[in-house]
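Below is protein-v6.cif, holding mmCIF, C-alpha atoms and all ligand atoms.
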data_structure
loop_
_atom_site.label_atom_id
_atom_site.label_comp_id
_atom_site.auth_asym_id
_atom_site.auth_seq_id
_atom_site.Cartn_x
_atom_site.Cartn_y
_atom_site.Cartn_z
CA MET G 43 49.29 -18.34 32.35
CA LYS G 44 51.59 -16.11 30.33
CA VAL G 45 53.18 -17.15 27.03
CA ILE G 46 56.62 -15.64 26.48
CA PHE G 47 57.21 -15.04 22.77
CA HIS G 48 59.23 -12.77 20.49
CA LYS G 49 58.55 -12.32 16.78
CA ARG G 50 62.22 -13.01 16.05
CA PHE G 51 61.47 -16.67 16.92
CA TYR G 52 59.76 -16.79 13.51
CA GLU G 53 63.18 -16.35 11.86
CA VAL G 54 64.64 -19.38 10.10
CA TYR G 55 68.04 -18.94 11.76
CA THR G 56 69.55 -22.19 10.46
CA HIS G 57 68.68 -25.39 8.59
CA ASP G 58 67.34 -27.87 11.13
CA PRO G 59 63.83 -29.05 12.07
CA ALA G 60 63.69 -26.83 15.19
CA ALA G 61 64.40 -23.75 13.05
CA ALA G 62 61.99 -24.71 10.25
CA GLY G 63 59.70 -22.09 8.75
CA GLY G 64 56.06 -22.37 9.88
CA ARG G 65 56.85 -24.13 13.16
CA MET G 66 56.32 -21.19 15.49
CA GLU G 67 53.46 -19.88 13.35
CA ALA G 68 51.59 -23.15 13.90
CA ILE G 69 51.92 -22.83 17.69
CA VAL G 70 51.11 -19.12 17.89
CA LYS G 71 48.00 -19.70 15.79
CA ALA G 72 46.79 -22.36 18.24
CA LEU G 73 47.43 -20.17 21.32
CA GLU G 74 46.32 -16.74 20.10
CA GLY G 75 43.16 -15.45 21.70
CA GLU G 76 43.32 -17.95 24.56
CA PHE G 77 46.59 -16.91 26.24
CA GLU G 78 48.22 -13.58 27.04
CA PHE G 79 51.61 -13.04 25.44
CA ALA G 80 54.65 -11.23 26.87
CA GLU G 81 57.92 -10.33 25.13
CA PRO G 82 61.35 -11.24 26.56
CA GLU G 83 64.55 -9.20 26.65
CA PRO G 84 67.69 -10.91 25.35
CA ALA G 85 69.76 -12.69 27.99
CA SER G 86 73.11 -11.13 28.84
CA GLU G 87 76.46 -12.79 28.22
CA LYS G 88 76.80 -12.98 32.00
CA ASP G 89 73.63 -15.07 32.06
CA LEU G 90 75.10 -17.46 29.47
CA GLU G 91 78.22 -17.79 31.62
CA ARG G 92 76.11 -19.15 34.48
CA VAL G 93 76.18 -22.43 32.52
CA HIS G 94 78.51 -22.11 29.51
CA GLY G 95 82.24 -21.67 29.07
CA LYS G 96 83.58 -18.63 27.23
CA ASN G 97 84.86 -20.74 24.30
CA HIS G 98 81.43 -22.24 23.72
CA ILE G 99 79.79 -18.80 23.80
CA GLN G 100 82.38 -17.47 21.32
CA SER G 101 81.81 -20.37 18.94
CA VAL G 102 78.04 -19.73 18.85
CA LYS G 103 78.72 -16.02 18.37
CA ARG G 104 80.39 -16.73 15.01
CA ASP G 105 76.87 -17.02 13.57
CA PRO G 106 75.33 -13.67 14.56
CA MET G 107 71.77 -14.66 13.67
CA VAL G 108 71.86 -17.84 15.76
CA TYR G 109 73.53 -15.91 18.59
CA GLU G 110 70.93 -13.13 18.63
CA VAL G 111 67.91 -15.43 18.48
CA GLY G 112 69.64 -17.69 21.03
CA LEU G 113 70.00 -14.79 23.47
CA LEU G 114 66.30 -14.04 23.08
CA ALA G 115 65.36 -17.69 23.64
CA THR G 116 67.40 -17.80 26.84
CA GLY G 117 65.88 -14.45 27.83
CA GLY G 118 62.45 -16.04 27.31
CA ALA G 119 63.27 -18.90 29.67
CA ILE G 120 64.63 -16.44 32.23
CA LEU G 121 61.43 -14.38 32.08
CA ALA G 122 59.22 -17.48 32.35
CA ALA G 123 61.17 -18.65 35.42
CA LYS G 124 61.02 -15.19 36.98
CA MET G 125 57.24 -15.00 36.48
CA ALA G 126 56.84 -18.49 37.93
CA PHE G 127 58.91 -17.51 40.96
CA GLU G 128 56.63 -14.51 41.45
CA GLY G 129 53.53 -16.72 41.32
CA GLN G 130 52.47 -16.48 37.66
CA ALA G 131 52.65 -19.72 35.67
CA ALA G 132 54.43 -19.12 32.38
CA PHE G 133 55.56 -20.87 29.20
CA GLY G 134 58.54 -19.88 27.10
CA LEU G 135 57.46 -20.35 23.48
CA ILE G 136 61.06 -20.09 22.38
CA ARG G 137 63.62 -21.42 19.92
CA PRO G 138 66.36 -22.55 19.47
CA PRO G 139 65.72 -25.26 22.08
CA GLY G 140 68.30 -25.86 24.81
CA HIS G 141 68.36 -29.25 26.52
CA HIS G 142 71.20 -30.67 24.37
CA ALA G 143 73.45 -27.71 25.21
CA SER G 144 76.13 -28.69 27.74
CA PRO G 145 78.53 -26.26 29.43
CA HIS G 146 81.20 -26.62 26.71
CA SER G 147 79.41 -28.11 23.71
CA CYS G 148 76.07 -28.47 22.01
CA TRP G 149 74.24 -30.55 19.42
CA GLY G 150 70.67 -31.55 18.51
CA PHE G 151 69.51 -28.11 17.29
CA CYS G 152 70.50 -26.52 20.65
CA TYR G 153 73.03 -23.77 21.45
CA PHE G 154 72.43 -22.41 24.95
CA ASN G 155 70.70 -24.35 27.72
CA ASN G 156 67.73 -22.05 28.26
CA ILE G 157 66.12 -23.81 31.21
CA ALA G 158 69.42 -24.50 33.00
CA ILE G 159 70.47 -20.86 32.73
CA ALA G 160 67.06 -19.69 34.00
CA ILE G 161 67.24 -21.99 37.04
CA LYS G 162 70.87 -21.10 37.76
CA LYS G 163 69.96 -17.42 37.67
CA LEU G 164 67.20 -17.86 40.28
CA ILE G 165 69.64 -19.78 42.49
CA SER G 166 72.50 -17.30 42.12
CA GLU G 167 70.14 -14.42 42.91
CA GLY G 168 69.27 -16.20 46.16
CA LYS G 169 65.60 -16.59 45.23
CA ILE G 170 65.57 -20.38 45.42
CA LYS G 171 67.90 -23.12 46.62
CA HIS G 172 66.38 -26.20 45.00
CA ALA G 173 64.64 -26.82 41.70
CA LEU G 174 63.14 -29.76 39.85
CA ILE G 175 63.42 -29.98 36.08
CA LEU G 176 61.03 -32.38 34.35
CA ASP G 177 61.94 -33.08 30.72
CA PHE G 178 59.24 -34.95 28.76
CA ASP G 179 60.86 -34.47 25.36
CA LEU G 180 61.43 -37.66 23.39
CA HIS G 181 65.18 -37.20 23.82
CA TYR G 182 67.24 -37.25 27.00
CA GLY G 183 68.42 -33.73 27.85
CA ASP G 184 72.11 -34.55 28.16
CA GLY G 185 72.98 -30.86 28.26
CA THR G 186 70.79 -30.23 31.29
CA ALA G 187 71.98 -33.41 32.99
CA ASN G 188 75.63 -32.46 32.34
CA THR G 189 75.05 -28.97 33.69
CA PHE G 190 73.73 -30.15 37.03
CA GLY G 191 75.52 -33.49 37.36
CA ASN G 192 75.09 -34.77 40.88
CA SER G 193 74.04 -31.35 42.13
CA LYS G 194 71.97 -31.42 45.30
CA GLU G 195 70.33 -28.17 44.27
CA VAL G 196 68.75 -29.22 40.99
CA ARG G 197 67.21 -32.54 40.11
CA TYR G 198 66.83 -33.43 36.44
CA PHE G 199 64.21 -36.03 35.58
CA HIS G 200 63.49 -37.54 32.15
CA PRO G 201 60.68 -40.13 32.23
CA GLU G 202 61.13 -43.26 30.15
CA GLY G 203 58.74 -45.92 28.93
CA THR G 204 58.39 -47.95 25.80
CA ASN G 205 54.65 -47.54 25.59
CA ARG G 206 52.18 -44.81 26.41
CA GLU G 207 50.96 -46.34 29.68
CA THR G 208 54.37 -47.04 31.19
CA PHE G 209 55.67 -43.63 30.16
CA LEU G 210 52.76 -41.82 31.81
CA GLN G 211 52.98 -44.06 34.88
CA ASP G 212 56.67 -43.33 35.27
CA LEU G 213 56.05 -39.61 35.00
CA GLU G 214 53.10 -39.57 37.41
CA ARG G 215 54.75 -41.79 40.00
CA SER G 216 57.91 -39.74 39.97
CA LEU G 217 56.04 -36.49 40.53
CA GLN G 218 54.10 -38.08 43.38
CA THR G 219 57.22 -39.29 45.13
CA GLU G 220 59.45 -36.28 44.49
CA THR G 221 60.52 -34.34 47.54
CA PRO G 222 59.55 -30.67 47.63
CA TYR G 223 61.55 -28.16 45.60
CA GLU G 224 61.03 -24.44 45.36
CA ILE G 225 60.09 -24.38 41.70
CA ILE G 226 59.40 -26.84 38.88
CA GLY G 227 60.59 -26.11 35.37
CA VAL G 228 59.52 -28.26 32.43
CA SER G 229 61.54 -28.94 29.30
CA ALA G 230 58.46 -29.43 27.14
CA GLY G 231 59.25 -31.30 23.95
CA PHE G 232 56.35 -32.56 21.89
CA ASP G 233 58.26 -34.97 19.65
CA ARG G 234 56.91 -37.97 21.59
CA HIS G 235 53.44 -37.42 20.09
CA GLU G 236 51.88 -40.26 18.08
CA LYS G 237 52.19 -38.19 14.89
CA ASP G 238 55.71 -36.96 15.64
CA TRP G 239 59.06 -38.78 15.81
CA GLY G 240 58.33 -40.75 18.99
CA GLY G 241 54.91 -42.04 17.95
CA LEU G 242 53.70 -42.49 21.53
CA LEU G 243 51.56 -39.84 23.22
CA LYS G 244 48.13 -38.52 22.39
CA THR G 245 47.26 -34.82 22.45
CA GLU G 246 45.14 -35.29 25.58
CA ASP G 247 48.18 -36.71 27.40
CA TYR G 248 49.82 -33.29 27.34
CA LEU G 249 46.78 -31.89 29.17
CA THR G 250 47.18 -34.64 31.77
CA ILE G 251 50.91 -33.98 32.17
CA GLY G 252 50.25 -30.25 32.49
CA LYS G 253 47.71 -30.93 35.27
CA TRP G 254 50.14 -33.21 37.11
CA VAL G 255 52.82 -30.53 37.00
CA LYS G 256 50.31 -27.96 38.24
CA ASP G 257 49.17 -30.24 41.09
CA TYR G 258 52.77 -31.01 42.04
CA SER G 259 53.59 -27.32 42.15
CA LEU G 260 50.54 -26.42 44.23
CA ASN G 261 51.27 -29.20 46.72
CA ARG G 262 55.04 -28.89 46.87
CA CYS G 263 56.35 -25.55 45.61
CA GLN G 264 53.81 -22.78 46.17
CA GLY G 265 52.40 -23.16 42.68
CA ARG G 266 55.67 -22.05 41.06
CA ARG G 267 55.78 -23.68 37.64
CA PHE G 268 56.96 -22.86 34.15
CA GLY G 269 57.77 -24.62 30.92
CA VAL G 270 59.94 -23.95 27.89
CA LEU G 271 59.63 -25.40 24.41
CA GLU G 272 62.19 -28.01 23.37
CA GLY G 273 61.36 -30.40 20.48
CA GLY G 274 58.23 -31.06 18.43
CA TYR G 275 58.39 -31.16 14.65
CA ASN G 276 55.06 -32.08 13.11
CA HIS G 277 53.56 -28.66 12.45
CA SER G 278 50.09 -30.11 11.86
CA VAL G 279 49.76 -31.28 15.50
CA LEU G 280 52.33 -29.18 17.38
CA GLY G 281 50.00 -26.24 18.03
CA LYS G 282 47.22 -28.30 19.59
CA ASN G 283 49.73 -30.27 21.67
CA VAL G 284 51.25 -27.12 23.15
CA ARG G 285 47.76 -25.70 23.77
CA SER G 286 46.73 -28.91 25.51
CA PHE G 287 49.79 -28.81 27.81
CA LEU G 288 49.20 -25.15 28.67
CA GLN G 289 45.52 -25.77 29.43
CA GLY G 290 46.62 -28.32 32.03
CA LEU G 291 49.53 -26.29 33.38
CA GLY G 292 47.53 -23.07 33.66
CA ASN G 293 44.12 -22.68 35.20
ZN ZN G 301 63.58 -34.11 21.16
#
Can I see the file as structure tokens?
Amino acid sequence: MKVIFHKRFYEVYTHDPAAAGGRMEAIVKALEGEFEFAEPEPASEKDLERVHGKNHIQSVKRDPMVYEVGLLATGGAILAAKMAFEGQAAFGLIRPPGHHASPHSCWGFCYFNNIAIAIKKLISEGKIKHALILDFDLHYGDGTANTFGNSKEVRYFHPEGTNRETFLQDLERSLQTETPYEIIGVSAGFDRHEKDWGGLLKTEDYLTIGKWVKDYSLNRCQGRRFGVLEGGYNHSVLGKNVRSFLQGLGN
């Protein structure tokens, strides 16, 4: 299990909860010593264009700091997906998040759709034909859903459930009944935790979800699995929640 991280993700690039000071520090502190870290290269503009229109890219570019950190975040997702394709499970500890970034617009603290770009790159390079994206963030990833629409190549799945049991059941059942894909990517948002905005999941549930993703990948897609960070805003529990997920997803 490799953690993809760049020290520029510490930068407070704007004023929103995803960009808050101390957020990445809390996660890095919880993972250091247990996981190996790797540094991403920035994505290229050509990579952004795999999902986004030129006007959208130009509008993000008007804020150079957001643009530069955004390129690194997308580069982190690309590296995590590449490692997963090559057989090494990986997690993009990146920000800004991406799942609310659609081809021509964005909102919800997102600018570029990191996971969608990473998957599209693998497909356009001919490495895979089909991918499954599981998004367990509290919020529906409209940007990812809009990117792939009714695509037969990529399935986007966002489990629902009004209580902990039904949410976990929905997620588990869906993974069990999914057809095989060639890779699974996870939009990992931790804002559904009981001490975060969603008030639902316990820390141990992220370990369980990580294990289910790992089992799915071993049974259905040659073990190819990766995740990228989306939401998660309570710094006092975020680190242990990410660690829990990675312990399940990894070994
Ligand atoms: Zn969220």
Contacts with ligand ZN 301 (chain G) at most 9 Å, all atoms listed in the file counted, listed as a PDB file with C-alpha atoms, in the frame of the given file:
ATOM      1  CA  HIS G 141      68.360 -29.250  26.520  1.00  0.00           C
ATOM      2  CA  HIS G 142      71.200 -30.670  24.370  1.00  0.00           C
ATOM      3  CA  GLY G 150      70.670 -31.550  18.510  1.00  0.00           C
ATOM      4  CA  PHE G 178      59.240 -34.950  28.760  1.00  0.00           C
ATOM      5  CA  ASP G 179      60.860 -34.470  25.360  1.00  0.00           C
ATOM      6  CA  LEU G 180      61.430 -37.660  23.390  1.00  0.00           C
ATOM      7  CA  HIS G 181      65.180 -37.200  23.820  1.00  0.00           C
ATOM      8  CA  TYR G 182      67.240 -37.250  27.000  1.00  0.00           C
ATOM      9  CA  GLY G 183      68.420 -33.730  27.850  1.00  0.00           C
ATOM     10  CA  GLY G 231      59.250 -31.300  23.950  1.00  0.00           C
ATOM     11  CA  PHE G 232      56.350 -32.560  21.890  1.00  0.00           C
ATOM     12  CA  ASP G 233      58.260 -34.970  19.650  1.00  0.00           C
ATOM     13  CA  ARG G 234      56.910 -37.970  21.590  1.00  0.00           C
ATOM     14  CA  TRP G 239      59.060 -38.780  15.810  1.00  0.00           C
ATOM     15  CA  GLY G 240      58.330 -40.750  18.990  1.00  0.00           C
ATOM     16  CA  GLU G 272      62.190 -28.010  23.370  1.00  0.00           C
ATOM     17  CA  GLY G 273      61.360 -30.400  20.480  1.00  0.00           C
ATOM     18  CA  GLY G 274      58.230 -31.060  18.430  1.00  0.00           C
ATOM     19  CA  TYR G 275      58.390 -31.160  14.650  1.00  0.00           C
TER      20      TYR G 275
END
Polymer residues at most 12 Å from Thr219 of chain G, all atoms listed in the file, same-chain spacing of 4 or more positions, as an mmCIF file with C-alpha atoms, in the frame of the given file:
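Output file out36.cif follows:
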data_model
loop_
_atom_site.group_PDB
_atom_site.id
_atom_site.type_symbol
_atom_site.label_atom_id
_atom_site.label_comp_id
_atom_site.auth_asym_id
_atom_site.auth_seq_id
_atom_site.Cartn_x
_atom_site.Cartn_y
_atom_site.Cartn_z
ATOM 1 C CA ASP G 212 56.670 -43.330 35.270
ATOM 2 C CA LEU G 213 56.050 -39.610 35.000
ATOM 3 C CA GLU G 214 53.100 -39.570 37.410
ATOM 4 C CA ARG G 215 54.750 -41.790 40.000
ATOM 5 C CA TYR G 223 61.550 -28.160 45.600
ATOM 6 C CA TYR G 258 52.770 -31.010 42.040
ATOM 7 C CA ASN G 261 51.270 -29.200 46.720
ATOM 8 C CA ARG G 262 55.040 -28.890 46.870
#
Up to 8 Å from (53.6, -21.0, 20.4) in the file's coordinates: name the residues, counting all atoms listed in the file, as a PDB file with C-alpha atoms, in the coordinates of the input.
ATOM      1  CA  VAL G  45      53.180 -17.150  27.030  1.00  0.00           C
ATOM      2  CA  PHE G  47      57.210 -15.040  22.770  1.00  0.00           C
ATOM      3  CA  MET G  66      56.320 -21.190  15.490  1.00  0.00           C
ATOM      4  CA  GLU G  67      53.460 -19.880  13.350  1.00  0.00           C
ATOM      5  CA  ALA G  68      51.590 -23.150  13.900  1.00  0.00           C
ATOM      6  CA  ILE G  69      51.920 -22.830  17.690  1.00  0.00           C
ATOM      7  CA  VAL G  70      51.110 -19.120  17.890  1.00  0.00           C
ATOM      8  CA  LYS G  71      48.000 -19.700  15.790  1.00  0.00           C
ATOM      9  CA  ALA G  72      46.790 -22.360  18.240  1.00  0.00           C
ATOM     10  CA  LEU G  73      47.430 -20.170  21.320  1.00  0.00           C
ATOM     11  CA  LEU G 135      57.460 -20.350  23.480  1.00  0.00           C
ATOM     12  CA  ILE G 136      61.060 -20.090  22.380  1.00  0.00           C
ATOM     13  CA  GLY G 281      50.000 -26.240  18.030  1.00  0.00           C
ATOM     14  CA  VAL G 284      51.250 -27.120  23.150  1.00  0.00           C
TER      15      VAL G 284
END
**Request:** May I have the residues within 9 Å of segment 166-177 of chain G as number ranges by chain, using only C-alpha atoms and disregarding those fewer than 5 positions away in the same chain?
**Result:** G: 92, 127, 141, 157-158, 161, 182-183, 186, 194-201, 213, 217, 220, 222-231, 255, 272
Counting all atoms listed in the file, closest pick from G:Gly292, G:Pro106, G:Gly95, G:Gly64 relative to Leu249 of chain G is G:Gly292
Correct to one decimal, the distance atom CA of Arg137 of chain G-atom CA of Ala115 of chain G is 5.5 Å
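One distance worth recording is that between atom CA of Arg285 of chain G and atom CA of Gly185 of chain G, which is 26.1 Å.
Relative to atom CA of Leu114 of chain G, atom CA of Val54 of chain G is found at 14.1 Å.
With distances taken over all atoms listed in the file, G:Phe268 is the one residue among G:Gly241, G:Phe268, G:Lys103, G:Phe151 lying closest to Ile120 of chain G.
With only C-alpha atoms as the basis for measurement, G:Thr56 is the residue among G:Glu78, G:Ala126, G:Thr56, G:Ala62 that approaches Tyr109 of chain G most closely.
Using all atoms listed in the file, the smallest distance between any of G:Ser259, G:Thr116, G:Gln289, G:Asn192 and Gly129 of chain G comes from G:Ser259.
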In terms of all atoms listed in the file, the residue from G:Leu242, G:Asn276, G:Lys256, G:Gly191 at minimal distance from Phe209 of chain G is G:Leu242
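Nearest residue to His146 of chain G, choosing from G:Leu90, G:Ile251, G:Leu288, G:Leu271 and counting all atoms listed in the file: G:Leu90.
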Could you give me, as a ChimeraX atom specification, the residues within 10 Å of Pro84 of chain G, counting all atoms listed in the file and dropping anything in the same chain fewer than 3 positions from it? /G:48,81,87,89,110-118,120-121
Reconstruct segment 270-288 of chain G at the level of N, CA, C and O atoms, and format the result as an mmCIF file, in the coordinates of the input.
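Printed below is out06.cif as written:
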data_model
loop_
_atom_site.group_PDB
_atom_site.id
_atom_site.type_symbol
_atom_site.label_atom_id
_atom_site.label_comp_id
_atom_site.auth_asym_id
_atom_site.auth_seq_id
_atom_site.Cartn_x
_atom_site.Cartn_y
_atom_site.Cartn_z
ATOM 1 N N VAL G 270 59.329 -24.541 29.091
ATOM 2 C CA VAL G 270 59.940 -23.950 27.890
ATOM 3 C C VAL G 270 59.850 -24.987 26.775
ATOM 4 O O VAL G 270 59.926 -26.193 27.024
ATOM 5 N N LEU G 271 59.718 -24.501 25.562
ATOM 6 C CA LEU G 271 59.630 -25.400 24.410
ATOM 7 C C LEU G 271 60.994 -26.017 24.114
ATOM 8 O O LEU G 271 62.017 -25.330 24.109
ATOM 9 N N GLU G 272 60.994 -27.327 23.876
ATOM 10 C CA GLU G 272 62.190 -28.010 23.370
ATOM 11 C C GLU G 272 61.855 -28.529 21.964
ATOM 12 O O GLU G 272 61.755 -27.756 21.053
ATOM 13 N N GLY G 273 61.637 -29.856 21.806
ATOM 14 C CA GLY G 273 61.360 -30.400 20.480
ATOM 15 C C GLY G 273 59.875 -30.402 20.117
ATOM 16 O O GLY G 273 59.034 -29.912 20.866
ATOM 17 N N GLY G 274 59.593 -31.024 18.967
ATOM 18 C CA GLY G 274 58.230 -31.060 18.430
ATOM 19 C C GLY G 274 58.287 -30.577 16.996
ATOM 20 O O GLY G 274 58.606 -29.403 16.770
ATOM 21 N N TYR G 275 58.043 -31.485 16.040
ATOM 22 C CA TYR G 275 58.390 -31.160 14.650
ATOM 23 C C TYR G 275 57.277 -31.347 13.633
ATOM 24 O O TYR G 275 57.443 -30.973 12.481
ATOM 25 N N ASN G 276 56.168 -31.939 14.053
ATOM 26 C CA ASN G 276 55.060 -32.080 13.110
ATOM 27 C C ASN G 276 54.136 -30.865 13.262
ATOM 28 O O ASN G 276 53.334 -30.785 14.193
ATOM 29 N N HIS G 277 54.269 -29.937 12.333
ATOM 30 C CA HIS G 277 53.560 -28.660 12.450
ATOM 31 C C HIS G 277 52.040 -28.843 12.461
ATOM 32 O O HIS G 277 51.321 -27.975 12.937
ATOM 33 N N SER G 278 51.547 -29.944 11.938
ATOM 34 C CA SER G 278 50.090 -30.110 11.860
ATOM 35 C C SER G 278 49.475 -30.493 13.210
ATOM 36 O O SER G 278 48.264 -30.384 13.390
ATOM 37 N N VAL G 279 50.300 -30.939 14.172
ATOM 38 C CA VAL G 279 49.760 -31.280 15.500
ATOM 39 C C VAL G 279 50.440 -30.512 16.640
ATOM 40 O O VAL G 279 49.953 -30.509 17.774
ATOM 41 N N LEU G 280 51.551 -29.842 16.337
ATOM 42 C CA LEU G 280 52.330 -29.180 17.380
ATOM 43 C C LEU G 280 51.525 -28.122 18.134
ATOM 44 O O LEU G 280 51.566 -28.056 19.365
ATOM 45 N N GLY G 281 50.767 -27.321 17.406
ATOM 46 C CA GLY G 281 50.000 -26.240 18.030
ATOM 47 C C GLY G 281 48.992 -26.766 19.046
ATOM 48 O O GLY G 281 48.930 -26.307 20.186
ATOM 49 N N LYS G 282 48.240 -27.782 18.657
ATOM 50 C CA LYS G 282 47.220 -28.300 19.590
ATOM 51 C C LYS G 282 47.859 -29.035 20.761
ATOM 52 O O LYS G 282 47.303 -29.058 21.860
ATOM 53 N N ASN G 283 49.051 -29.603 20.550
ATOM 54 C CA ASN G 283 49.730 -30.270 21.670
ATOM 55 C C ASN G 283 50.229 -29.267 22.696
ATOM 56 O O ASN G 283 50.092 -29.486 23.899
ATOM 57 N N VAL G 284 50.809 -28.164 22.217
ATOM 58 C CA VAL G 284 51.250 -27.120 23.150
ATOM 59 C C VAL G 284 50.046 -26.539 23.887
ATOM 60 O O VAL G 284 50.069 -26.364 25.108
ATOM 61 N N ARG G 285 48.968 -26.261 23.147
ATOM 62 C CA ARG G 285 47.760 -25.700 23.770
ATOM 63 C C ARG G 285 47.234 -26.632 24.858
ATOM 64 O O ARG G 285 46.865 -26.210 25.955
ATOM 65 N N SER G 286 47.219 -27.919 24.557
ATOM 66 C CA SER G 286 46.730 -28.910 25.510
ATOM 67 C C SER G 286 47.573 -28.886 26.797
ATOM 68 O O SER G 286 47.043 -28.861 27.910
ATOM 69 N N PHE G 287 48.889 -28.859 26.645
ATOM 70 C CA PHE G 287 49.790 -28.810 27.810
ATOM 71 C C PHE G 287 49.522 -27.548 28.640
ATOM 72 O O PHE G 287 49.436 -27.602 29.870
ATOM 73 N N LEU G 288 49.384 -26.419 27.952
ATOM 74 C CA LEU G 288 49.200 -25.150 28.670
ATOM 75 C C LEU G 288 47.840 -25.094 29.366
ATOM 76 O O LEU G 288 47.715 -24.493 30.437
#
